[in-house]
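Here is run19.txt, consisting of compact mmCIF, C-alpha atoms:
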# COMPACT_ATOMS: atom_id res chain seq x y z
CA MET A 1 1.22 -1.23 40.47
CA ARG A 2 -2.04 -0.58 38.64
CA GLU A 3 -3.96 -3.25 36.69
CA ILE A 4 -5.80 -2.64 33.43
CA GLY A 5 -8.33 -5.10 32.00
CA ILE A 6 -8.08 -6.09 28.34
CA GLY A 7 -10.83 -7.60 26.19
CA VAL A 8 -9.66 -9.10 22.89
CA LEU A 9 -12.12 -9.49 20.00
CA GLY A 10 -10.69 -11.91 17.43
CA PHE A 11 -8.28 -14.72 18.26
CA GLY A 12 -6.76 -15.32 14.84
CA THR A 13 -3.17 -14.76 13.79
CA VAL A 14 -2.76 -11.25 15.20
CA GLY A 15 -5.02 -11.81 18.19
CA ALA A 16 -2.99 -14.83 19.22
CA GLY A 17 0.20 -12.80 18.79
CA VAL A 18 -1.14 -10.09 21.09
CA VAL A 19 -2.22 -12.52 23.79
CA GLU A 20 1.06 -14.43 23.55
CA GLY A 21 3.02 -11.20 23.89
CA LEU A 22 1.02 -10.00 26.89
CA PHE A 23 1.37 -13.34 28.68
CA LYS A 24 5.05 -13.70 27.85
CA ASN A 25 6.17 -10.16 28.66
CA GLY A 26 3.52 -8.95 31.11
CA ASP A 27 6.01 -8.53 33.95
CA LEU A 28 8.46 -6.73 31.66
CA ILE A 29 5.71 -4.37 30.46
CA ALA A 30 4.55 -3.72 34.02
CA GLY A 31 8.09 -3.00 35.19
CA ARG A 32 8.56 -0.43 32.46
CA SER A 33 5.14 1.23 32.64
CA GLY A 34 3.87 0.71 36.17
CA ILE A 35 0.71 -0.81 34.66
CA PHE A 36 0.00 -4.55 34.50
CA PRO A 37 -2.12 -5.53 31.46
CA VAL A 38 -4.49 -8.39 32.29
CA VAL A 39 -6.37 -10.23 29.54
CA LYS A 40 -9.84 -10.63 31.02
CA LYS A 41 -11.76 -12.06 28.07
CA ILE A 42 -11.17 -13.21 24.47
CA ALA A 43 -14.03 -13.47 21.96
CA ASP A 44 -13.86 -15.57 18.81
CA LEU A 45 -16.25 -17.75 16.84
CA ASP A 46 -13.74 -20.60 17.14
CA VAL A 47 -13.09 -21.40 20.80
CA GLN A 48 -11.87 -24.96 20.17
CA SER A 49 -8.71 -24.64 18.06
CA ASP A 50 -5.36 -24.85 19.81
CA ARG A 51 -3.39 -21.60 19.35
CA GLY A 52 -0.40 -22.93 21.26
CA ILE A 53 -1.13 -20.66 24.24
CA SER A 54 -2.07 -21.83 27.73
CA LEU A 55 -5.16 -19.82 28.73
CA PRO A 56 -6.93 -19.42 32.08
CA ALA A 57 -10.26 -21.21 32.39
CA ASP A 58 -13.38 -19.47 31.06
CA ILE A 59 -11.44 -16.70 29.31
CA LEU A 60 -12.67 -17.70 25.83
CA THR A 61 -16.19 -16.88 24.64
CA THR A 62 -18.12 -16.49 21.40
CA ASP A 63 -20.00 -13.45 22.75
CA ALA A 64 -18.12 -10.31 21.66
CA ALA A 65 -20.81 -7.97 22.99
CA ALA A 66 -20.46 -9.50 26.46
CA VAL A 67 -16.72 -8.90 26.38
CA ILE A 68 -17.25 -5.24 25.50
CA ALA A 69 -19.84 -4.79 28.27
CA ASP A 70 -17.78 -6.62 30.92
CA GLU A 71 -17.06 -4.19 33.76
CA GLU A 72 -13.59 -5.68 34.21
CA VAL A 73 -12.66 -4.82 30.62
CA ASP A 74 -11.18 -1.32 30.42
CA ILE A 75 -9.76 -1.50 26.88
CA VAL A 76 -11.25 -3.29 23.87
CA VAL A 77 -8.87 -4.73 21.25
CA GLU A 78 -10.68 -5.17 17.91
CA LEU A 79 -8.98 -7.78 15.71
CA VAL A 80 -11.93 -9.43 13.98
CA GLY A 81 -11.12 -8.04 10.51
CA GLY A 82 -13.55 -6.90 7.84
CA THR A 83 -15.54 -3.72 8.27
CA ALA A 84 -19.24 -4.29 9.00
CA ILE A 85 -18.98 -6.37 12.19
CA ALA A 86 -15.80 -4.59 13.26
CA LYS A 87 -17.50 -1.20 12.93
CA ASP A 88 -20.47 -2.32 15.02
CA LEU A 89 -18.23 -3.71 17.78
CA THR A 90 -16.02 -0.62 17.76
CA GLU A 91 -19.05 1.65 18.08
CA GLN A 92 -20.37 -0.44 20.99
CA ALA A 93 -17.11 0.01 22.86
CA LEU A 94 -16.78 3.72 22.13
CA ARG A 95 -20.36 4.40 23.25
CA LEU A 96 -19.42 2.90 26.61
CA GLY A 97 -16.45 5.26 26.77
CA LYS A 98 -13.95 2.43 26.35
CA PRO A 99 -10.89 3.04 24.17
CA VAL A 100 -10.47 0.77 21.16
CA VAL A 101 -7.16 -0.60 19.90
CA THR A 102 -7.33 -1.93 16.35
CA ALA A 103 -5.13 -3.14 13.50
CA ASN A 104 -8.04 -2.75 11.05
CA LYS A 105 -6.83 -0.40 8.31
CA ALA A 106 -9.88 -0.98 6.08
CA LEU A 107 -12.24 -0.07 8.93
CA LEU A 108 -10.51 3.24 9.57
CA ALA A 109 -9.92 4.08 5.92
CA ASP A 110 -13.62 3.57 5.15
CA HIS A 111 -15.26 4.75 8.40
CA GLY A 112 -12.58 6.69 10.25
CA ALA A 113 -14.33 10.08 10.22
CA GLU A 114 -17.47 8.87 12.01
CA LEU A 115 -15.52 6.68 14.44
CA TYR A 116 -13.14 9.53 15.34
CA ALA A 117 -16.17 11.76 15.93
CA LEU A 118 -17.79 9.17 18.21
CA ALA A 119 -14.55 8.70 20.16
CA ASP A 120 -14.28 12.47 20.57
CA GLU A 121 -17.90 12.73 21.70
CA ARG A 122 -17.35 10.06 24.39
CA ASP A 123 -13.93 11.50 25.36
CA THR A 124 -12.08 8.31 24.57
CA GLY A 125 -9.66 7.16 21.89
CA ILE A 126 -8.98 4.92 18.92
CA TYR A 127 -5.43 3.57 18.74
CA TYR A 128 -4.27 2.02 15.48
CA GLU A 129 -0.48 1.85 15.24
CA ALA A 130 -0.66 -1.74 13.97
CA ALA A 131 -2.88 -0.73 11.03
CA VAL A 132 0.07 0.82 9.17
CA GLY A 133 3.42 -0.91 8.85
CA GLY A 134 2.79 -3.77 11.29
CA GLY A 135 5.62 -3.71 13.81
CA ILE A 136 7.06 -0.39 12.60
CA PRO A 137 6.02 2.43 15.00
CA VAL A 138 5.51 4.89 12.17
CA LEU A 139 2.27 6.54 13.32
CA ARG A 140 3.68 7.20 16.78
CA ALA A 141 6.80 8.68 15.23
CA GLN A 142 4.59 10.83 13.04
CA ARG A 143 2.24 12.19 15.67
CA GLU A 144 4.75 12.51 18.53
CA GLY A 145 8.32 12.54 17.22
CA LEU A 146 7.45 14.82 14.30
CA ILE A 147 4.75 16.89 16.00
CA GLY A 148 6.80 20.05 15.44
CA ASN A 149 7.08 19.45 11.70
CA GLN A 150 4.97 20.15 8.67
CA ILE A 151 5.13 16.87 6.75
CA GLU A 152 6.37 17.65 3.25
CA SER A 153 6.28 14.15 1.79
CA ILE A 154 5.77 10.48 2.62
CA PHE A 155 6.88 7.57 0.47
CA GLY A 156 5.97 4.10 1.68
CA ILE A 157 6.56 0.47 0.76
CA LEU A 158 3.62 -0.80 2.77
CA ASN A 159 2.69 -4.21 1.40
CA GLY A 160 5.04 -7.10 2.13
CA THR A 161 3.33 -9.39 -0.38
CA CYS A 162 3.95 -7.05 -3.30
CA ASN A 163 7.50 -6.31 -2.21
CA TYR A 164 8.23 -10.03 -1.92
CA ILE A 165 6.85 -10.63 -5.44
CA LEU A 166 8.84 -7.76 -6.96
CA THR A 167 12.05 -8.83 -5.22
CA ARG A 168 11.83 -12.39 -6.49
CA MET A 169 10.90 -11.31 -10.01
CA GLU A 170 14.06 -9.21 -10.13
CA ARG A 171 16.42 -11.69 -8.46
CA GLU A 172 15.25 -14.80 -10.27
CA GLY A 173 13.78 -13.48 -13.52
CA LEU A 174 10.48 -15.21 -12.78
CA PRO A 175 7.10 -14.19 -14.22
CA PHE A 176 4.53 -12.50 -11.99
CA ASP A 177 2.04 -15.38 -11.87
CA ASP A 178 4.68 -17.91 -10.76
CA VAL A 179 5.90 -15.75 -7.88
CA LEU A 180 2.34 -14.92 -6.82
CA ALA A 181 1.54 -18.64 -6.62
CA ASP A 182 4.64 -19.19 -4.47
CA ALA A 183 3.68 -16.27 -2.22
CA GLN A 184 0.24 -17.79 -1.68
CA ALA A 185 1.74 -21.20 -0.92
CA LEU A 186 4.05 -19.61 1.68
CA GLY A 187 1.21 -17.66 3.28
CA TYR A 188 2.46 -14.23 2.21
CA ALA A 189 -0.54 -13.61 -0.05
CA GLU A 190 -4.22 -14.21 0.54
CA THR A 191 -6.51 -16.15 -1.80
CA PRO A 192 -7.79 -14.20 -3.65
CA PRO A 193 -4.87 -11.75 -3.51
CA ASP A 194 -6.75 -8.72 -4.91
CA LEU A 195 -6.35 -6.41 -1.89
CA ASP A 196 -2.59 -6.86 -2.03
CA ILE A 197 -1.70 -6.91 -5.72
CA ASP A 198 -4.27 -4.29 -6.79
CA GLY A 199 -2.85 -1.80 -4.29
CA ILE A 200 -5.95 -1.53 -2.09
CA ASP A 201 -4.19 -2.64 1.10
CA THR A 202 -1.47 -0.06 0.47
CA ALA A 203 -4.09 2.62 -0.23
CA HIS A 204 -5.80 1.95 3.12
CA LYS A 205 -2.47 2.55 4.84
CA ALA A 206 -1.66 5.61 2.72
CA VAL A 207 -4.99 7.19 3.69
CA LEU A 208 -4.23 6.67 7.39
CA LEU A 209 -0.73 8.14 7.04
CA ALA A 210 -2.10 11.18 5.21
CA SER A 211 -4.89 11.59 7.77
CA MET A 212 -2.39 11.67 10.60
CA ALA A 213 0.03 13.93 8.72
CA TYR A 214 -2.51 16.58 7.75
CA GLY A 215 -5.14 16.37 10.47
CA ALA A 216 -8.17 15.27 8.48
CA ALA A 217 -9.96 12.00 7.79
CA VAL A 218 -8.80 11.42 4.20
CA PRO A 219 -11.33 9.47 2.08
CA MET A 220 -10.27 6.52 -0.06
CA GLU A 221 -11.48 8.25 -3.21
CA ALA A 222 -8.77 10.89 -2.71
CA CYS A 223 -6.11 8.25 -3.39
CA PRO A 224 -5.90 7.06 -7.04
CA THR A 225 -4.78 3.45 -6.78
CA SER A 226 -3.21 0.86 -9.05
CA GLY A 227 -1.18 -2.21 -8.22
CA ILE A 228 1.28 -4.67 -9.73
CA ARG A 229 -1.15 -7.20 -11.22
CA GLY A 230 0.30 -8.63 -14.42
CA LEU A 231 3.57 -6.71 -14.19
CA SER A 232 5.94 -8.03 -16.87
CA LYS A 233 9.38 -9.38 -16.10
CA VAL A 234 10.45 -7.41 -19.19
CA ASP A 235 9.87 -4.17 -17.28
CA ILE A 236 11.65 -5.56 -14.21
CA ALA A 237 14.66 -6.37 -16.41
CA ASN A 238 14.57 -3.00 -18.17
CA ALA A 239 14.45 -1.17 -14.84
CA ASP A 240 17.40 -3.22 -13.59
CA GLU A 241 19.43 -2.40 -16.70
CA LEU A 242 18.72 1.31 -16.20
CA GLY A 243 19.77 1.27 -12.54
CA TYR A 244 16.27 1.16 -11.06
CA ARG A 245 13.97 -1.22 -9.22
CA ILE A 246 10.20 -1.35 -9.39
CA LYS A 247 8.36 -0.87 -6.10
CA LEU A 248 4.71 -0.44 -5.22
CA LEU A 249 4.72 2.99 -3.57
CA ALA A 250 2.33 4.95 -1.44
CA ILE A 251 3.05 8.55 -2.43
CA ILE A 252 1.94 11.53 -0.35
CA LYS A 253 3.19 15.03 -1.12
CA ARG A 254 2.27 18.44 0.22
CA HIS A 255 1.85 21.17 -2.37
CA ALA A 256 0.88 24.80 -1.93
CA GLY A 257 -2.77 24.58 -0.95
CA SER A 258 -3.28 20.88 -1.71
CA VAL A 259 -2.13 17.33 -1.01
CA GLU A 260 -1.15 14.72 -3.60
CA LEU A 261 -1.91 11.06 -2.89
CA SER A 262 -1.50 7.94 -4.98
CA VAL A 263 -0.59 4.27 -4.87
CA GLU A 264 1.22 3.01 -7.95
CA ALA A 265 4.14 0.94 -9.19
CA ALA A 266 7.17 3.15 -9.72
CA LEU A 267 10.80 2.91 -10.73
CA VAL A 268 13.15 3.95 -7.91
CA PRO A 269 16.97 4.13 -8.04
CA LYS A 270 18.81 1.08 -6.75
CA ALA A 271 21.27 3.43 -5.06
CA ALA A 272 18.56 5.13 -2.99
CA MET A 273 17.65 3.68 0.41
CA ILE A 274 14.10 2.99 -0.74
CA GLY A 275 15.53 0.85 -3.53
CA SER A 276 17.20 -1.45 -1.00
CA VAL A 277 13.97 -2.42 0.79
CA ASN A 278 13.47 -6.00 -0.33
CA ASP A 279 11.56 -9.21 0.36
CA SER A 280 8.58 -8.81 2.71
CA PHE A 281 9.99 -5.82 4.57
CA ASN A 282 8.18 -2.48 4.74
CA ALA A 283 9.62 1.03 4.95
CA VAL A 284 8.29 4.55 5.30
CA PHE A 285 10.26 7.67 4.36
CA MET A 286 8.94 10.92 5.81
CA LYS A 287 10.28 14.41 5.24
CA GLY A 288 9.50 17.19 7.70
CA ASP A 289 10.17 20.86 7.15
CA ILE A 290 12.40 21.01 10.25
CA VAL A 291 13.83 17.51 10.69
CA ASP A 292 14.26 16.88 6.94
CA ASP A 293 14.41 13.16 5.97
CA THR A 294 13.55 10.27 8.30
CA MET A 295 13.20 6.54 7.64
CA TYR A 296 11.29 3.72 9.39
CA TYR A 297 11.97 0.10 8.45
CA GLY A 298 10.91 -3.33 9.62
CA ARG A 299 8.46 -6.21 9.39
CA GLY A 300 5.17 -4.95 8.08
CA ALA A 301 3.00 -7.94 8.93
CA GLY A 302 2.90 -11.20 10.83
CA ARG A 303 1.64 -12.54 14.14
CA LEU A 304 4.31 -11.14 16.45
CA PRO A 305 5.41 -7.93 14.65
CA THR A 306 1.80 -6.75 14.38
CA GLY A 307 1.08 -8.04 17.87
CA SER A 308 3.96 -5.90 19.15
CA ALA A 309 2.36 -2.76 17.70
CA VAL A 310 -1.02 -3.66 19.20
CA ILE A 311 0.56 -4.13 22.64
CA SER A 312 2.21 -0.73 22.33
CA ASP A 313 -1.19 0.82 21.66
CA ILE A 314 -2.76 -1.09 24.55
CA MET A 315 -0.24 0.40 26.94
CA GLU A 316 -0.68 3.90 25.55
CA ALA A 317 -4.45 3.53 25.93
CA ALA A 318 -3.94 2.16 29.46
CA ALA A 319 -1.91 5.21 30.46
CA ASP A 320 -4.57 7.51 28.99
CA VAL A 321 -7.35 5.66 30.86
CA LEU A 322 -5.56 5.77 34.20
CA HIS A 323 -4.58 9.42 33.79
CA GLU A 324 -7.97 10.38 32.29
CA ALA A 325 -6.24 11.85 29.26
CA GLY A 326 -9.19 11.45 26.87
CA SER A 327 -8.45 11.43 23.15
CA PRO A 328 -4.87 10.79 22.03
CA ILE A 329 -3.01 13.39 19.99
CA GLY A 330 -3.99 11.83 16.67
CA ILE A 331 -7.73 12.14 17.36
CA THR A 332 -7.30 15.71 18.60
CA MET A 333 -5.63 16.55 15.30
CA MET A 334 -8.55 15.06 13.37
CA ARG A 335 -11.12 17.32 14.99
CA GLU A 336 -9.08 20.51 14.67
CA HIS A 337 -8.75 20.33 10.87
CA ALA A 338 -12.01 19.82 9.02
CA SER A 339 -10.92 19.12 5.47
CA LEU A 340 -8.16 19.04 2.89
CA THR A 341 -7.92 20.01 -0.76
CA TYR A 342 -6.54 17.23 -2.93
CA LEU A 343 -4.45 17.77 -6.02
CA SER A 344 -6.32 16.51 -9.06
CA ALA A 345 -4.74 13.38 -10.53
CA ASP A 346 -4.61 15.15 -13.89
CA GLU A 347 -2.43 17.91 -12.43
CA VAL A 348 0.16 15.64 -10.78
CA GLN A 349 3.65 16.26 -12.14
CA LYS A 350 5.83 13.17 -12.56
CA ARG A 351 8.52 11.53 -14.62
CA CYS A 352 7.61 8.33 -16.43
CA TYR A 353 9.06 5.15 -17.90
CA LEU A 354 7.45 4.21 -21.22
CA ARG A 355 7.83 0.88 -23.01
CA LEU A 356 6.66 1.00 -26.61
CA THR A 357 6.50 -1.70 -29.26
CA LEU A 358 6.85 -0.05 -32.67
CA ALA A 359 6.88 -1.14 -36.30
CA ASP A 360 10.35 -1.52 -37.81
CA GLU A 361 10.01 1.24 -40.36
CA PRO A 362 11.59 4.64 -41.01
CA GLY A 363 10.11 7.53 -39.07
CA ALA A 364 8.34 5.41 -36.44
CA MET A 365 10.21 6.93 -33.53
CA ALA A 366 9.85 10.40 -35.02
CA GLN A 367 6.06 10.00 -34.88
CA VAL A 368 6.28 9.09 -31.20
CA MET A 369 8.54 12.06 -30.44
CA ASN A 370 6.13 14.38 -32.24
CA VAL A 371 3.22 13.13 -30.14
CA LEU A 372 5.17 13.56 -26.90
CA GLY A 373 6.18 17.07 -27.93
CA GLU A 374 2.60 18.00 -28.77
CA HIS A 375 1.66 17.03 -25.21
CA SER A 376 4.49 19.05 -23.61
CA ILE A 377 6.45 15.94 -22.61
CA ASN A 378 10.23 16.25 -22.83
CA VAL A 379 12.33 13.11 -23.30
CA ALA A 380 15.36 12.43 -21.08
CA SER A 381 16.59 9.29 -22.86
CA VAL A 382 15.59 6.69 -25.45
CA ILE A 383 16.83 3.10 -25.60
CA GLN A 384 16.05 0.89 -28.57
CA LYS A 385 16.11 -2.81 -27.68
CA GLU A 386 16.81 -5.77 -29.96
CA LEU A 387 14.39 -6.40 -32.82
CA HIS A 388 11.63 -8.88 -31.95
CA PRO A 389 11.31 -12.01 -34.15
CA ASN A 390 7.94 -10.63 -35.31
CA GLY A 391 9.65 -7.54 -36.68
CA ALA A 392 8.54 -5.15 -33.94
CA VAL A 393 11.02 -2.84 -32.21
CA PRO A 394 10.89 -2.48 -28.40
CA VAL A 395 11.73 1.06 -27.29
CA VAL A 396 12.18 2.38 -23.75
CA VAL A 397 11.66 6.10 -23.13
CA LEU A 398 12.43 7.94 -19.89
CA THR A 399 10.72 11.32 -19.72
CA GLU A 400 11.17 14.53 -17.81
CA GLN A 401 8.39 15.74 -15.53
CA ALA A 402 5.01 16.36 -17.11
CA ARG A 403 1.34 16.48 -16.12
CA GLU A 404 -0.56 13.23 -15.71
CA ALA A 405 -3.24 14.53 -18.08
CA ASP A 406 -0.61 15.09 -20.76
CA PHE A 407 0.77 11.58 -20.32
CA CYS A 408 -2.74 10.12 -20.67
CA GLY A 409 -3.38 12.11 -23.83
CA ALA A 410 -0.04 11.15 -25.36
CA ILE A 411 -0.48 7.44 -24.63
CA GLU A 412 -3.98 7.47 -26.12
CA THR A 413 -2.66 9.07 -29.31
CA ILE A 414 0.38 6.77 -29.57
CA SER A 415 -1.87 3.72 -29.11
CA SER A 416 -3.91 4.80 -32.12
CA LEU A 417 -0.91 5.09 -34.46
CA ALA A 418 -0.43 2.37 -37.08
CA ILE A 419 3.20 2.01 -36.00
CA CYS A 420 2.17 1.03 -32.44
CA LYS A 421 2.11 -2.79 -32.30
CA ALA A 422 1.21 -3.32 -28.63
CA GLU A 423 -0.39 -1.39 -25.79
CA PRO A 424 2.18 1.06 -24.36
CA ILE A 425 3.37 0.39 -20.81
CA ARG A 426 3.81 3.37 -18.50
CA MET A 427 5.07 3.66 -14.92
CA ARG A 428 6.02 6.51 -12.66
CA LEU A 429 9.72 7.22 -12.10
CA GLU A 430 10.89 8.76 -8.81
CA ASP A 431 14.47 9.98 -8.65
CA PHE A 432 15.00 10.34 -4.87
CA GLU A 433 17.91 12.68 -5.49
CA ASP A 434 18.58 12.94 -1.75
CA GLU A 435 20.37 9.66 -1.03
CA SER A 436 19.37 9.82 2.65
CA ARG A 437 16.04 8.49 1.43

Step by step, read the file and then write its structure as structure tokens.
Amino acid sequence: MREIGIGVLGFGTVGAGVVEGLFKNGDLIAGRSGIFPVVKKIADLDVQSDRGISLPADILTTDAAAVIADEEVDIVVELVGGTAIAKDLTEQALRLGKPVVTANKALLADHGAELYALADERDTGIYYEAAVGGGIPVLRAQREGLIGNQIESIFGILNGTCNYILTRMEREGLPFDDVLADAQALGYAETPPDLDIDGIDTAHKAVLLASMAYGAAVPMEACPTSGIRGLSKVDIANADELGYRIKLLAIIKRHAGSVELSVEAALVPKAAMIGSVNDSFNAVFMKGDIVDDTMYYGRGAGRLPTGSAVISDIMEAAADVLHEAGSPIGITMMREHASLTYLSADEVQKRCYLRLTLADEPGAMAQVMNVLGEHSINVASVIQKELHPNGAVPVVVLTEQAREADFCGAIETISSLAICKAEPIRMRLEDFEDESR
């Protein structure tokens, strides 16, 4: 039986989950792997609070640099959060040739390229399964289980806070602000909740998925991002009536010569598997050119689910250290493919849901149809809702596929018409014709 020394930086929610898991299941892990993980040191600014875990004497310290430099620490687990301090600590560990395990999606999305290069230079690795999907082993499935596949598309529900909000809005007919307040009270959403509801958290994860899929460090600016802030329960109800649900999606598609990325709210069919992912659960749907459709589902956040993914990475790193394997597959992929070409947002082809508020007068809808036609947008269906008390007519339009640039031009023109009584609402619509998704 071989021992491997672990140094944990950050003893918050996830850090405590990792330590608890290692203490609780250390013998089980050792029996399965032949390697016993030993927590040598834990660094945190708060060494007084009770985390509900019985720790050996002198294991806690406020000196993160000392933990990294400790000769008994073979693997550094970075769980401090943020980017500036986390980047500095990660670089310290990599320069010493020590592998780093992290759940820090923002760190890797913003600084992944330089950190991967440093890890490669020092012949060590960065392991980050927990950064995407919490307890769902989606990155490992991607880089190992699907290594023989060209990834054709990835669709992900990657933020439990947003999915919880959308689920409750649909089930209970509640407005966005009320459900957000409840989510914050229950601890599902941070205060302020911007990273979640503006789609930034999902974009960090989308960038990491795309990086792994296509072998390049994808920059955040390659991923146009919007969230669910201020989403109306009217649109939730309309989607429900039409047989759809609204989800915040990470969308990654491979095209000839380029890759499409975005994070946006989208209508998905209730009958599709992605439409049945509710509450705080996450799911990732990946299509390979050989395997076809695959699905990964589970808890996307939380002390123990995320801790489970970190422990998995610790043991992979431990095996690589003991067998002198150097960089893991994911890092090797990063250095073999220098860059990607990204499909311009203007050129993305999509279907859309439009909600218009028009004047109750003859020819109003004809004006809208003319504008759509002038921008090469074909209409699949039109539903006129009940007349508003103020005399305006709500209209829902589902379109066929068209270019994003054409949608933007059409909406700008419609907004300027005298018959348009409120700002048009537009969302992507994904059909998911293959029900295995």

For Tyr296 of chain A, please output as an mmCIF file with C-alpha atoms, keeping the file's coordinate frame all residues within 10 Å (counting all atoms listed in the file; exclusion window: fewer than 4 positions along the same chain).
data_model
loop_
_atom_site.group_PDB
_atom_site.id
_atom_site.type_symbol
_atom_site.label_atom_id
_atom_site.label_comp_id
_atom_site.auth_asym_id
_atom_site.auth_seq_id
_atom_site.Cartn_x
_atom_site.Cartn_y
_atom_site.Cartn_z
ATOM 1 C CA GLY A 133 3.420 -0.910 8.850
ATOM 2 C CA ILE A 136 7.060 -0.390 12.600
ATOM 3 C CA PRO A 137 6.020 2.430 15.000
ATOM 4 C CA VAL A 138 5.510 4.890 12.170
ATOM 5 C CA ALA A 141 6.800 8.680 15.230
ATOM 6 C CA GLY A 156 5.970 4.100 1.680
ATOM 7 C CA ASN A 282 8.180 -2.480 4.740
ATOM 8 C CA ALA A 283 9.620 1.030 4.950
ATOM 9 C CA VAL A 284 8.290 4.550 5.300
ATOM 10 C CA PHE A 285 10.260 7.670 4.360
ATOM 11 C CA MET A 286 8.940 10.920 5.810
#

Under the rule of at most 8 Å, produce a per-residue listing of segment 225-304 of chain A near segment 413-433 of chain A: chain, number, name, the closest pair of atoms, and the distance in Å, as a Markdown table, using only C-alpha atoms.
| residue | atom | partner | partner_atom | distance |
| --- | --- | --- | --- | --- |
| A:Glu264 | CA | A:Arg428 | CA | 7.6 |
| A:Ala265 | CA | A:Met427 | CA | 6.4 |
| A:Ala266 | CA | A:Arg428 | CA | 4.6 |
| A:Leu267 | CA | A:Leu429 | CA | 4.6 |
| A:Val268 | CA | A:Glu430 | CA | 5.4 |
| A:Pro269 | CA | A:Asp431 | CA | 6.4 |
| A:Ala272 | CA | A:Phe432 | CA | 6.6 |

message: Given only C-alpha atoms as the basis, pick out the residue of A:Leu322, A:Val38, A:Cys162, A:Leu115 nearest to Asp194 of chain A.
response: A:Cys162

- prompt: Which polymer residues have any atom within 10 Å of an atom of Ala65 of chain A, counting only C-alpha atoms, with same-chain residues fewer than 3 positions away left out, as a list in words?
  reply: Leu9, Ala43, Thr62, Ile68, Ala69, Asp70, Asp88, Leu89, Gln92 and Ala93 of chain A

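One finds atom CA of Val263 of chain A at 4.7 Å from atom CA of Thr225 of chain A.
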
task: Have a look at A:Ile246, A:Val234, A:Val321, A:Ala217 and name the one nearest to Asp123 of chain A; count only C-alpha atoms.
output: A:Val321

query: Looking at all atoms listed in the file, which of A:Gly230, A:Gly298, A:Pro37, A:Gly134 is the one that sits closest to Ile314 of chain A?
result: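 For Ile314 of chain A, the nearest of the given residues is A:Pro37.
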
field: Residue among A:Ala345, A:Val19, A:Ile252, A:Ala364 lying closest to Ala405 of chain A, counting all atoms listed in the file
entry: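 Closest to Ala405 of chain A of all the choices is A:Ala345.
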
query: For Ser153 of chain A, which of A:Leu94, A:Thr294, A:Ile228, A:Ala216 is the closest residue, counting all atoms listed in the file?
result: A:Thr294

- request: List the neighbours of Ala319 of chain A out to 12 Å using only C-alpha atoms; skip same-chain residues closer than 2 positions along the sequence, and give me the result as JSON, numbers by chain.
  value: {"A": [2, 3, 4, 30, 33, 34, 35, 36, 37, 74, 75, 99, 125, 312, 313, 314, 315, 316, 317, 321, 322, 323, 324, 325, 326, 327, 328]}

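Picture a line from atom CA of Asp177 of chain A to atom CA of Glu412 of chain A; it runs 27.6 Å.
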
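For the atom pair formed by atom CA of Leu107 of chain A and atom CA of Ile200 of chain A, the distance is 12.8 Å, given to one decimal.
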
So that I can see what lies close to Phe176 of chain A, please list as an mmCIF file with C-alpha atoms, in the frame of the given file the residues with an atom at most 7 Å from it, counting all atoms listed in the file and leaving out residues fewer than 6 positions away in the same chain.
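Listing of selection-v9.cif after writing:
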data_model
loop_
_atom_site.group_PDB
_atom_site.id
_atom_site.type_symbol
_atom_site.label_atom_id
_atom_site.label_comp_id
_atom_site.auth_asym_id
_atom_site.auth_seq_id
_atom_site.Cartn_x
_atom_site.Cartn_y
_atom_site.Cartn_z
ATOM 1 C CA MET A 169 10.900 -11.310 -10.010
ATOM 2 C CA GLY A 230 0.300 -8.630 -14.420
ATOM 3 C CA LEU A 231 3.570 -6.710 -14.190
ATOM 4 C CA SER A 232 5.940 -8.030 -16.870
#

- request: Compute the distance from (-15.3, -10.3, 28.4) to each atom, counting all atoms listed in the file, keep the residues with any atom at most 10 Å away, and return them as a list of chain:residue names; use the coordinates of the file.
  value: A:Gly5, A:Ile6, A:Gly7, A:Val8, A:Leu9, A:Val39, A:Lys40, A:Lys41, A:Ile42, A:Ala43, A:Asp58, A:Ile59, A:Leu60, A:Thr61, A:Thr62, A:Asp63, A:Ala64, A:Ala65, A:Ala66, A:Val67, A:Ile68, A:Ala69, A:Asp70, A:Glu71, A:Glu72, A:Val73, A:Val76

Shortest interatomic distance to Arg355 of chain A - which of A:Asp235, A:Glu404, A:Gly307, A:Leu108, counting only C-alpha atoms: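 Looking only at the distances to Arg355 of chain A, the closest residue turns out to be A:Asp235.
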
query: Skipping near chain neighbours, those fewer than 6 positions away, what residues fall within 8 Å of segment 81-87 of chain A using only C-alpha atoms, listed as JSON, numbers by chain?
result: {"A": [10, 104, 106, 107, 111]}

message: Residues within 6 Å of (5.2, -10.4, 22.5), file coordinates, counting only C-alpha atoms: what are they? Give the list as a ChimeraX atom specification.
response: /A:20-21,308
